[in-house]
$ cat my_file-v5.tsv   # TSV, C-alpha atoms and all ligand atoms
chain	number	residue	atom	x	y	z
F	1	MET	CA	0.00	0.00	0.00
F	2	THR	CA	1.10	3.56	-0.59
F	3	GLN	CA	1.70	5.94	2.31
F	4	GLU	CA	-1.45	7.80	1.26
F	5	GLN	CA	-3.51	4.58	1.44
F	6	LEU	CA	-2.08	3.81	4.89
F	7	LYS	CA	-3.02	7.30	6.08
F	8	GLN	CA	-6.53	6.82	4.72
F	9	ALA	CA	-6.79	3.46	6.50
F	10	VAL	CA	-5.94	4.95	9.91
F	11	ALA	CA	-8.19	7.97	9.37
F	12	THR	CA	-11.05	5.56	8.62
F	13	ALA	CA	-10.14	3.40	11.63
F	14	ALA	CA	-10.28	6.47	13.90
F	15	LEU	CA	-13.71	7.37	12.55
F	16	GLU	CA	-14.92	3.81	13.20
F	17	TYR	CA	-13.44	3.97	16.72
F	18	ILE	CA	-15.26	7.16	17.72
F	19	ARG	CA	-18.49	6.66	15.75
F	20	PRO	CA	-20.31	4.54	18.40
F	21	LYS	CA	-19.09	6.87	21.17
F	22	LEU	CA	-20.42	10.11	19.68
F	23	GLU	CA	-23.17	11.94	21.57
F	24	GLU	CA	-24.86	15.27	20.94
F	25	HIS	CA	-22.58	17.02	23.47
F	26	THR	CA	-19.34	15.42	22.16
F	27	VAL	CA	-16.52	17.84	21.37
F	28	LEU	CA	-13.64	16.53	19.25
F	29	GLY	CA	-10.16	17.99	19.22
F	30	ILE	CA	-8.76	18.01	15.71
F	31	GLY	CA	-5.06	18.06	14.92
F	32	THR	CA	-3.14	19.21	11.88
F	33	GLY	CA	-1.54	17.55	8.87
F	34	SER	CA	-2.25	15.32	5.91
F	35	THR	CA	-3.46	12.32	7.96
F	36	THR	CA	-5.75	14.49	10.04
F	37	ASN	CA	-7.09	16.10	6.86
F	38	LEU	CA	-8.32	12.67	5.73
F	39	PHE	CA	-10.00	12.24	9.12
F	40	ILE	CA	-11.67	15.66	8.78
F	41	ASP	CA	-13.00	14.75	5.34
F	42	GLY	CA	-14.52	11.56	6.74
F	43	LEU	CA	-15.93	13.37	9.76
F	44	ALA	CA	-18.17	15.38	7.47
F	45	THR	CA	-20.46	12.34	7.22
F	46	LEU	CA	-20.85	12.28	11.03
F	47	ARG	CA	-21.24	16.02	11.64
F	48	GLY	CA	-24.84	15.71	12.82
F	49	GLN	CA	-23.83	13.27	15.55
F	50	LEU	CA	-21.63	15.58	17.65
F	51	ASN	CA	-21.65	19.04	19.16
F	52	GLY	CA	-18.57	20.31	17.32
F	53	THR	CA	-14.80	20.57	17.33
F	54	VAL	CA	-11.80	22.57	18.49
F	55	ALA	CA	-8.92	22.83	16.04
F	56	SER	CA	-5.16	22.92	16.54
F	57	SER	CA	-4.53	25.20	13.57
F	58	GLU	CA	-6.18	27.80	11.38
F	59	ALA	CA	-5.76	25.39	8.45
F	60	SER	CA	-7.70	22.60	10.15
F	61	ALA	CA	-10.36	25.04	11.38
F	62	GLU	CA	-10.85	26.26	7.82
F	63	ARG	CA	-11.16	22.70	6.48
F	64	LEU	CA	-13.67	21.79	9.19
F	65	ARG	CA	-15.79	24.87	8.43
F	66	GLN	CA	-15.73	24.07	4.71
F	67	HIS	CA	-17.35	20.74	5.61
F	68	GLY	CA	-19.98	22.51	7.71
F	69	ILE	CA	-18.54	21.15	10.97
F	70	PRO	CA	-18.76	23.65	13.87
F	71	VAL	CA	-15.43	24.90	15.27
F	72	PHE	CA	-15.38	26.32	18.80
F	73	ASP	CA	-12.85	28.40	20.69
F	74	LEU	CA	-11.25	26.09	23.27
F	75	ASN	CA	-12.20	28.58	26.00
F	76	ALA	CA	-15.85	28.24	25.04
F	77	VAL	CA	-16.04	24.50	25.79
F	78	ASP	CA	-15.71	22.65	29.09
F	79	ARG	CA	-14.63	19.34	27.61
F	80	VAL	CA	-12.75	17.72	24.77
F	81	ASP	CA	-13.78	14.08	24.56
F	82	PHE	CA	-11.33	12.82	21.95
F	83	TYR	CA	-8.31	14.42	20.33
F	84	ILE	CA	-7.38	12.99	16.93
F	85	ASP	CA	-4.05	13.90	15.41
F	86	GLY	CA	-1.11	12.56	13.41
F	87	ALA	CA	2.55	12.38	14.40
F	88	ASP	CA	5.97	12.70	12.87
F	89	GLU	CA	7.36	9.90	15.04
F	90	ALA	CA	5.97	7.56	17.69
F	91	ASN	CA	7.58	4.99	19.96
F	92	ARG	CA	5.94	1.97	21.61
F	93	ALA	CA	5.30	3.98	24.80
F	94	LEU	CA	3.13	6.22	22.57
F	95	GLU	CA	5.49	9.13	23.13
F	96	LEU	CA	5.58	11.30	20.04
F	97	ILE	CA	7.42	13.91	18.05
F	98	LYS	CA	4.98	16.35	16.50
F	99	GLY	CA	5.14	19.78	14.93
F	100	GLY	CA	6.20	19.03	11.39
F	101	GLY	CA	3.28	21.27	10.41
F	102	ALA	CA	4.33	23.93	12.97
F	103	ALA	CA	1.13	23.48	15.00
F	104	LEU	CA	2.72	21.84	18.05
F	105	THR	CA	1.75	24.38	20.70
F	106	ARG	CA	-1.98	24.32	20.00
F	107	GLU	CA	-1.75	20.55	19.54
F	108	LYS	CA	-0.24	20.24	23.00
F	109	ILE	CA	-2.89	22.46	24.54
F	110	ILE	CA	-5.75	20.45	23.09
F	111	ALA	CA	-4.05	17.14	23.96
F	112	ALA	CA	-3.72	18.39	27.55
F	113	VAL	CA	-7.46	19.01	27.76
F	114	ALA	CA	-8.58	15.88	25.94
F	115	ARG	CA	-9.89	12.85	27.78
F	116	GLU	CA	-8.50	10.51	25.12
F	117	PHE	CA	-5.77	11.23	22.59
F	118	ILE	CA	-5.97	9.04	19.50
F	119	CYS	CA	-2.88	9.25	17.32
F	120	ILE	CA	-3.20	8.18	13.69
F	121	ALA	CA	-0.10	7.47	11.64
F	122	ASP	CA	1.25	5.32	8.85
F	123	GLY	CA	3.70	2.62	9.91
F	124	SER	CA	6.78	4.57	8.83
F	125	LYS	CA	6.30	6.82	11.87
F	126	LEU	CA	6.97	4.04	14.42
F	127	VAL	CA	10.57	4.16	15.70
F	128	HIS	CA	12.54	2.56	18.49
F	129	THR	CA	14.13	5.81	19.66
F	130	LEU	CA	12.67	9.24	18.95
F	131	GLY	CA	14.81	11.85	17.27
F	132	GLU	CA	15.51	10.82	13.72
F	133	PHE	CA	12.83	13.34	12.72
F	134	PRO	CA	14.16	16.81	13.64
F	135	LEU	CA	12.46	17.97	16.84
F	136	PRO	CA	10.41	21.16	16.28
F	137	VAL	CA	10.61	23.84	18.97
F	138	GLU	CA	8.34	26.91	18.87
F	139	VAL	CA	10.23	29.98	20.03
F	140	ILE	CA	9.46	33.64	20.73
F	141	PRO	CA	11.24	35.42	17.82
F	142	MET	CA	13.56	37.60	19.93
F	143	ALA	CA	14.80	34.51	21.81
F	144	ARG	CA	15.82	32.61	18.67
F	145	SER	CA	19.61	32.80	19.11
F	146	HIS	CA	19.50	32.25	22.86
F	147	VAL	CA	17.31	29.18	22.54
F	148	ALA	CA	19.47	27.83	19.72
F	149	ARG	CA	22.59	28.10	21.89
F	150	GLU	CA	20.82	26.28	24.75
F	151	LEU	CA	19.67	23.50	22.42
F	152	VAL	CA	23.27	23.03	21.26
F	153	LYS	CA	24.25	22.59	24.94
F	154	LEU	CA	21.66	19.79	25.17
F	155	GLY	CA	23.41	18.04	22.26
F	156	GLY	CA	21.20	19.03	19.33
F	157	ASP	CA	21.76	20.89	16.11
F	158	PRO	CA	19.01	23.53	15.78
F	159	VAL	CA	18.06	24.86	12.35
F	160	TYR	CA	15.80	27.88	11.84
F	161	ARG	CA	12.76	26.92	9.74
F	162	GLU	CA	12.98	29.70	7.16
F	163	GLY	CA	9.81	31.49	6.14
F	164	VAL	CA	7.56	29.85	8.74
F	165	VAL	CA	5.55	31.87	11.26
F	166	THR	CA	3.28	29.83	13.53
F	167	ASP	CA	-0.40	30.60	14.10
F	168	ASN	CA	0.81	32.19	17.36
F	169	GLY	CA	3.25	34.55	15.59
F	170	ASN	CA	6.39	32.68	16.60
F	171	ILE	CA	9.23	30.89	14.82
F	172	ILE	CA	10.31	27.24	14.69
F	173	LEU	CA	13.73	25.76	15.36
F	174	ASP	CA	14.11	22.16	14.15
F	175	VAL	CA	16.65	20.24	16.22
F	176	HIS	CA	18.61	17.80	14.06
F	177	ASN	CA	20.99	15.00	15.09
F	178	PHE	CA	19.27	14.68	18.45
F	179	SER	CA	18.67	11.11	19.57
F	180	ILE	CA	16.10	11.13	22.40
F	181	PRO	CA	16.19	7.92	24.47
F	182	GLN	CA	14.59	9.73	27.45
F	183	PRO	CA	11.81	11.89	25.99
F	184	LEU	CA	10.29	12.91	29.33
F	185	ASP	CA	13.55	14.37	30.60
F	186	ILE	CA	14.34	16.18	27.34
F	187	GLU	CA	10.81	17.56	27.05
F	188	LYS	CA	11.12	19.11	30.52
F	189	ARG	CA	14.62	20.45	29.89
F	190	ILE	CA	13.58	22.18	26.68
F	191	ASN	CA	10.45	23.56	28.33
F	192	ASN	CA	12.76	25.17	30.91
F	193	ILE	CA	14.66	27.25	28.34
F	194	THR	CA	13.48	30.84	28.52
F	195	GLY	CA	11.95	31.86	25.22
F	196	VAL	CA	10.62	28.40	24.36
F	197	VAL	CA	6.87	28.34	23.86
F	198	ALA	CA	6.60	24.57	23.45
F	199	ASN	CA	8.57	21.68	22.04
F	200	GLY	CA	7.31	18.86	19.85
F	201	LEU	CA	7.89	16.04	22.33
F	202	PHE	CA	4.67	14.53	23.60
F	203	ALA	CA	5.97	12.49	26.55
F	204	LEU	CA	4.43	14.35	29.49
F	205	ARG	CA	1.15	13.84	27.65
F	206	PRO	CA	1.61	10.88	25.27
F	207	ALA	CA	-1.13	9.44	23.10
F	208	ASP	CA	-3.59	7.04	24.73
F	209	LEU	CA	-4.10	5.03	21.57
F	210	LEU	CA	-2.01	4.72	18.42
F	211	LEU	CA	-3.68	3.52	15.23
F	212	LEU	CA	-0.82	2.52	12.97
F	213	GLY	CA	-1.30	1.80	9.27
F	214	THR	CA	0.67	-1.20	8.02
F	215	ASP	CA	0.51	-3.45	4.97
F	216	SER	CA	-1.10	-6.15	7.13
F	217	GLY	CA	-3.82	-3.82	8.42
F	218	VAL	CA	-4.33	-1.16	11.08
F	219	GLN	CA	-2.54	-2.05	14.30
F	220	THR	CA	-3.80	-0.71	17.63
F	221	LEU	CA	-1.17	0.15	20.24
F	222	LYS	CA	-2.14	1.23	23.78
B	1	LIG	C1	1.58	19.05	12.64
B	1	LIG	C2	1.83	17.69	13.15
B	1	LIG	C3	1.39	16.55	12.31
B	1	LIG	O1	0.54	15.75	13.06
B	1	LIG	C4	2.57	15.77	11.84
B	1	LIG	O2	3.44	16.64	11.16
B	1	LIG	C5	2.16	14.60	10.94
B	1	LIG	O3	1.68	15.10	9.73
B	1	LIG	P1	1.19	14.16	8.56
B	1	LIG	O4	-0.09	13.55	9.00
B	1	LIG	O5	1.03	15.10	7.39
B	1	LIG	O6	2.25	13.12	8.31
B	1	LIG	O7	2.38	17.47	14.19
B	1	LIG	O8	2.17	20.03	13.47
$ encode --input "my_file-v5.tsv" --output "C-alpha cells"
Amino acid sequence: MTQEQLKQAVATAALEYIRPKLEEHTVLGIGTGSTTNLFIDGLATLRGQLNGTVASSEASAERLRQHGIPVFDLNAVDRVDFYIDGADEANRALELIKGGGAALTREKIIAAVAREFICIADGSKLVHTLGEFPLPVEVIPMARSHVARELVKLGGDPVYREGVVTDNGNIILDVHNFSIPQPLDIEKRINNITGVVANGLFALRPADLLLLGTDSGVQTLK
C-alpha cells in the first residue's frame, strides 16, 4: 500500500473507533496535517452526531468549516472528549514527536485538555528511539539565538525553519541529530529554556491510543 492509502486506512479506523461513542454534546479535538485532513474529510459524514470541534490550527479550522462542521474556541467548551491527530514519530510507549506542520503548541494544549488522545499514523512513523525526525521547537522570535545556543548545549543541532511563522506569531527551530532515548527528561529540559513556547515532544502527555497503518492492516497500540 502507498503511504497515502495507509493514512486513509488509519483515518477511517479512527472514525470507526469514535463513531459509536459520539453523543450530541461530544466535542472533538482536531489536529493538523495530511493524515488528520483525511480524518476531517470523513468526519463530514458524522457532523450531525456531535456538538462540534476545536482545532489545533487555522488550516484545520478552515477545512472543518468548509465541511460545515462547527469549530469552537477552546475557552468556550468545558470538555474535549477525543483528540485525533497525526505524528511525525511515535515509539511503543506512545510518546511522540509532533510539529512538522508547525502546530505543536496548540496541539499540546488540546491534547492536555482531551480525555482521550488518538494518534493516527502510517507505519513509517513508528521508531525505536525518537529523534531521527528533527524535533520542532516553537520559540518567541527575539529569543531565537539564545534558545538555539541552549539547544546546542543539550546536544542538538538547531536549524531555523525559514519562512515559517506559527499561528501564534512565533518561529520554529528544528533540532537535528538529536537522539532522544529519554523523551520525558528532554521535554522538561527544553520547556525550561526561557523563550521556548513549546517543544514537539509529547511524553508528558503521550497518546492514549495509536492507530498505525501497516501493509497487514491497522494495528492498535495502547
Ligand atoms: C503538525 C503535526 C502533524 O501531526 C505531523 O506533522 C504529521 O503530519 P502528517 O499527517 O502530514 O504526516 O504534528 O504540526
$ atom_distance --input "my_file-v5.tsv" --atom1 "atom CA of Glu16 of chain F" --atom2 "atom CA of Ala203 of chain F"
26.3 Å
$ residues_near_ligand --input "my_file-v5.tsv" --ligand "ligand LIG 1 (chain B)" --cutoff "8 Å" --atoms "only C-alpha atoms and all ligand atoms" --output "PyMOL selection string"
chain F and resi 7+31-37+85-88+97-104+107+120-122+200
$ write_last_selection --input "my_file-v5.tsv" --atoms "C-alpha atoms" --output "mmCIF file, in the coordinates of the input"
data_model
loop_
_atom_site.group_PDB
_atom_site.id
_atom_site.type_symbol
_atom_site.label_atom_id
_atom_site.label_comp_id
_atom_site.auth_asym_id
_atom_site.auth_seq_id
_atom_site.Cartn_x
_atom_site.Cartn_y
_atom_site.Cartn_z
ATOM 1 C CA LYS F 7 -3.020 7.300 6.080
ATOM 2 C CA GLY F 31 -5.060 18.060 14.920
ATOM 3 C CA THR F 32 -3.140 19.210 11.880
ATOM 4 C CA GLY F 33 -1.540 17.550 8.870
ATOM 5 C CA SER F 34 -2.250 15.320 5.910
ATOM 6 C CA THR F 35 -3.460 12.320 7.960
ATOM 7 C CA THR F 36 -5.750 14.490 10.040
ATOM 8 C CA ASN F 37 -7.090 16.100 6.860
ATOM 9 C CA ASP F 85 -4.050 13.900 15.410
ATOM 10 C CA GLY F 86 -1.110 12.560 13.410
ATOM 11 C CA ALA F 87 2.550 12.380 14.400
ATOM 12 C CA ASP F 88 5.970 12.700 12.870
ATOM 13 C CA ILE F 97 7.420 13.910 18.050
ATOM 14 C CA LYS F 98 4.980 16.350 16.500
ATOM 15 C CA GLY F 99 5.140 19.780 14.930
ATOM 16 C CA GLY F 100 6.200 19.030 11.390
ATOM 17 C CA GLY F 101 3.280 21.270 10.410
ATOM 18 C CA ALA F 102 4.330 23.930 12.970
ATOM 19 C CA ALA F 103 1.130 23.480 15.000
ATOM 20 C CA LEU F 104 2.720 21.840 18.050
ATOM 21 C CA GLU F 107 -1.750 20.550 19.540
ATOM 22 C CA ILE F 120 -3.200 8.180 13.690
ATOM 23 C CA ALA F 121 -0.100 7.470 11.640
ATOM 24 C CA ASP F 122 1.250 5.320 8.850
ATOM 25 C CA GLY F 200 7.310 18.860 19.850
#
$ atom_distance --input "my_file-v5.tsv" --atom1 "atom CA of Ile186 of chain F" --atom2 "atom CA of Gly156 of chain F"
10.9 Å
$ residues_around --input "my_file-v5.tsv" --residues "Ile110 of chain F" --least-positions-apart "3" --cutoff "10 Å" --atoms "all atoms listed in the file" --output "list in words"
Leu28, Gly29, Ile30, Gly31, Val54, Ala55, Ser56, Leu74, Val80, Phe82, Tyr83, Ile84, Leu104, Thr105, Arg106, Glu107, Val113, Ala114, Arg115 and Phe117 of chain F
$ closest_residue --input "my_file-v5.tsv" --among "F:Leu184, F:Lys108, F:Val27, F:Leu38" --to "Ala9 of chain F" --atoms "only C-alpha atoms"
F:Leu38
$ atom_distance --input "my_file-v5.tsv" --atom1 "atom CA of Asp167 of chain F" --atom2 "atom CA of Ser57 of chain F"
6.8 Å
$ closest_residue --input "my_file-v5.tsv" --among "F:Gln66, F:Asn75, F:Ser124, F:Thr166" --to "Ala90 of chain F" --atoms "all atoms listed in the file"
F:Ser124
$ residues_around --input "my_file-v5.tsv" --residues "Asn170 of chain F" --least-positions-apart "3" --cutoff "7 Å" --atoms "all atoms listed in the file" --output "ChimeraX atom specification"
/F:138-141,165-166
$ closest_residue --input "my_file-v5.tsv" --among "F:Gly213, F:Pro20, F:Pro181, F:Pro206" --to "His128 of chain F" --atoms "all atoms listed in the file"
F:Pro181
$ closest_residue --input "my_file-v5.tsv" --among "F:Asn191, F:Asn51, F:Thr2, F:Asn177" --to "Glu24 of chain F" --atoms "all atoms listed in the file"
F:Asn51
$ axis_aligned_box --input "my_file-v5.tsv" --around "segment 57-60 of chain F" --padding-each-side "8 Å" --output "JSON"
{"center_x": -6.1, "center_y": 25.2, "center_z": 11.0, "size_x": 19.2, "size_y": 21.2, "size_z": 21.1}
$ residues_around --input "my_file-v5.tsv" --residues "segment 143-148 of chain F" --least-positions-apart "4" --cutoff "9 Å" --atoms "all atoms listed in the file" --output "list in words"
Val139, Val152, Lys153, Gly156, Asp157, Pro158, Val159, Tyr160, Ile171, Ile172, Leu173, Val175, Ile190, Ile193, Thr194, Gly195 and Val196 of chain F
$ closest_residue --input "my_file-v5.tsv" --among "F:Phe72, F:Phe178, F:Phe202, F:Phe133" --to "Gly52 of chain F" --atoms "all atoms listed in the file"
F:Phe72
$ closest_residue --input "my_file-v5.tsv" --among "F:Arg79, F:His176, F:Arg92, F:His67" --to "Thr129 of chain F" --atoms "only C-alpha atoms"
F:Arg92
$ residues_around --input "my_file-v5.tsv" --residues "Leu130 of chain F" --least-positions-apart "4" --cutoff "7 Å" --atoms "all atoms listed in the file" --output "PDB file with C-alpha atoms, in the coordinates of the input"
ATOM      1  CA  GLU F  89       7.360   9.900  15.040  1.00  0.00           C
ATOM      2  CA  ASN F  91       7.580   4.990  19.960  1.00  0.00           C
ATOM      3  CA  SER F 179      18.670  11.110  19.570  1.00  0.00           C
ATOM      4  CA  ILE F 180      16.100  11.130  22.400  1.00  0.00           C
ATOM      5  CA  PRO F 181      16.190   7.920  24.470  1.00  0.00           C
TER       6      PRO F 181
END
$ build_atoms --input "my_file-v5.tsv" --residues "segment 30-59 of chain F" --atoms "N, CA and C atoms" --output "short mmCIF file (atom, residue, chain, number, x, y, z; two decimals), in the frame of the given file"
data_model
loop_
_atom_site.label_atom_id
_atom_site.label_comp_id
_atom_site.auth_asym_id
_atom_site.auth_seq_id
_atom_site.Cartn_x
_atom_site.Cartn_y
_atom_site.Cartn_z
N ILE F 30 -9.23 18.39 17.05
CA ILE F 30 -8.76 18.01 15.71
C ILE F 30 -7.35 18.56 15.49
N GLY F 31 -6.44 17.68 15.12
CA GLY F 31 -5.06 18.06 14.92
C GLY F 31 -4.81 18.69 13.56
N THR F 32 -3.59 18.53 13.10
CA THR F 32 -3.14 19.21 11.88
C THR F 32 -2.28 18.26 11.06
N GLY F 33 -2.42 18.34 9.73
CA GLY F 33 -1.54 17.55 8.87
C GLY F 33 -2.33 16.75 7.86
N SER F 34 -1.60 16.02 7.01
CA SER F 34 -2.25 15.32 5.91
C SER F 34 -3.10 14.15 6.39
N THR F 35 -2.67 13.45 7.44
CA THR F 35 -3.46 12.32 7.96
C THR F 35 -4.73 12.84 8.61
N THR F 36 -4.58 13.89 9.40
CA THR F 36 -5.75 14.49 10.04
C THR F 36 -6.72 15.05 9.00
N ASN F 37 -6.20 15.58 7.91
CA ASN F 37 -7.09 16.10 6.86
C ASN F 37 -8.02 15.00 6.33
N LEU F 38 -7.48 13.79 6.20
CA LEU F 38 -8.32 12.67 5.73
C LEU F 38 -9.39 12.34 6.77
N PHE F 39 -9.01 12.46 8.05
CA PHE F 39 -10.00 12.24 9.12
C PHE F 39 -11.09 13.32 9.05
N ILE F 40 -10.69 14.56 8.85
CA ILE F 40 -11.67 15.66 8.78
C ILE F 40 -12.66 15.40 7.63
N ASP F 41 -12.12 14.98 6.50
CA ASP F 41 -13.00 14.75 5.34
C ASP F 41 -14.03 13.65 5.65
N GLY F 42 -13.60 12.63 6.36
CA GLY F 42 -14.52 11.56 6.74
C GLY F 42 -15.51 12.00 7.80
N LEU F 43 -15.08 12.91 8.66
CA LEU F 43 -15.93 13.37 9.76
C LEU F 43 -17.16 14.12 9.24
N ALA F 44 -17.04 14.64 8.05
CA ALA F 44 -18.17 15.38 7.47
C ALA F 44 -19.44 14.53 7.46
N THR F 45 -19.28 13.23 7.27
CA THR F 45 -20.46 12.34 7.22
C THR F 45 -21.09 12.16 8.59
N LEU F 46 -20.35 12.49 9.66
CA LEU F 46 -20.85 12.28 11.03
C LEU F 46 -21.20 13.60 11.72
N ARG F 47 -21.19 14.70 10.97
CA ARG F 47 -21.24 16.02 11.64
C ARG F 47 -22.52 16.25 12.43
N GLY F 48 -23.59 15.55 12.07
CA GLY F 48 -24.84 15.71 12.82
C GLY F 48 -24.84 14.95 14.14
N GLN F 49 -23.83 14.15 14.37
CA GLN F 49 -23.83 13.27 15.55
C GLN F 49 -22.95 13.77 16.69
N LEU F 50 -22.47 15.03 16.58
CA LEU F 50 -21.63 15.58 17.65
C LEU F 50 -21.94 17.05 17.81
N ASN F 51 -21.43 17.62 18.92
CA ASN F 51 -21.65 19.04 19.16
C ASN F 51 -20.77 19.87 18.22
N GLY F 52 -19.48 19.58 18.19
CA GLY F 52 -18.57 20.31 17.32
C GLY F 52 -17.13 19.98 17.65
N THR F 53 -16.23 20.86 17.24
CA THR F 53 -14.80 20.57 17.33
C THR F 53 -14.03 21.78 17.87
N VAL F 54 -12.81 21.52 18.31
CA VAL F 54 -11.80 22.57 18.49
C VAL F 54 -10.62 22.17 17.62
N ALA F 55 -9.96 23.14 17.04
CA ALA F 55 -8.92 22.83 16.04
C ALA F 55 -7.55 23.33 16.51
N SER F 56 -6.52 22.57 16.12
CA SER F 56 -5.16 22.92 16.54
C SER F 56 -4.46 23.87 15.58
N SER F 57 -5.15 24.27 14.51
CA SER F 57 -4.53 25.20 13.57
C SER F 57 -5.62 25.92 12.78
N GLU F 58 -5.24 27.05 12.23
CA GLU F 58 -6.18 27.80 11.38
C GLU F 58 -6.52 26.96 10.15
N ALA F 59 -5.53 26.21 9.65
CA ALA F 59 -5.76 25.39 8.45
C ALA F 59 -6.81 24.33 8.71
#
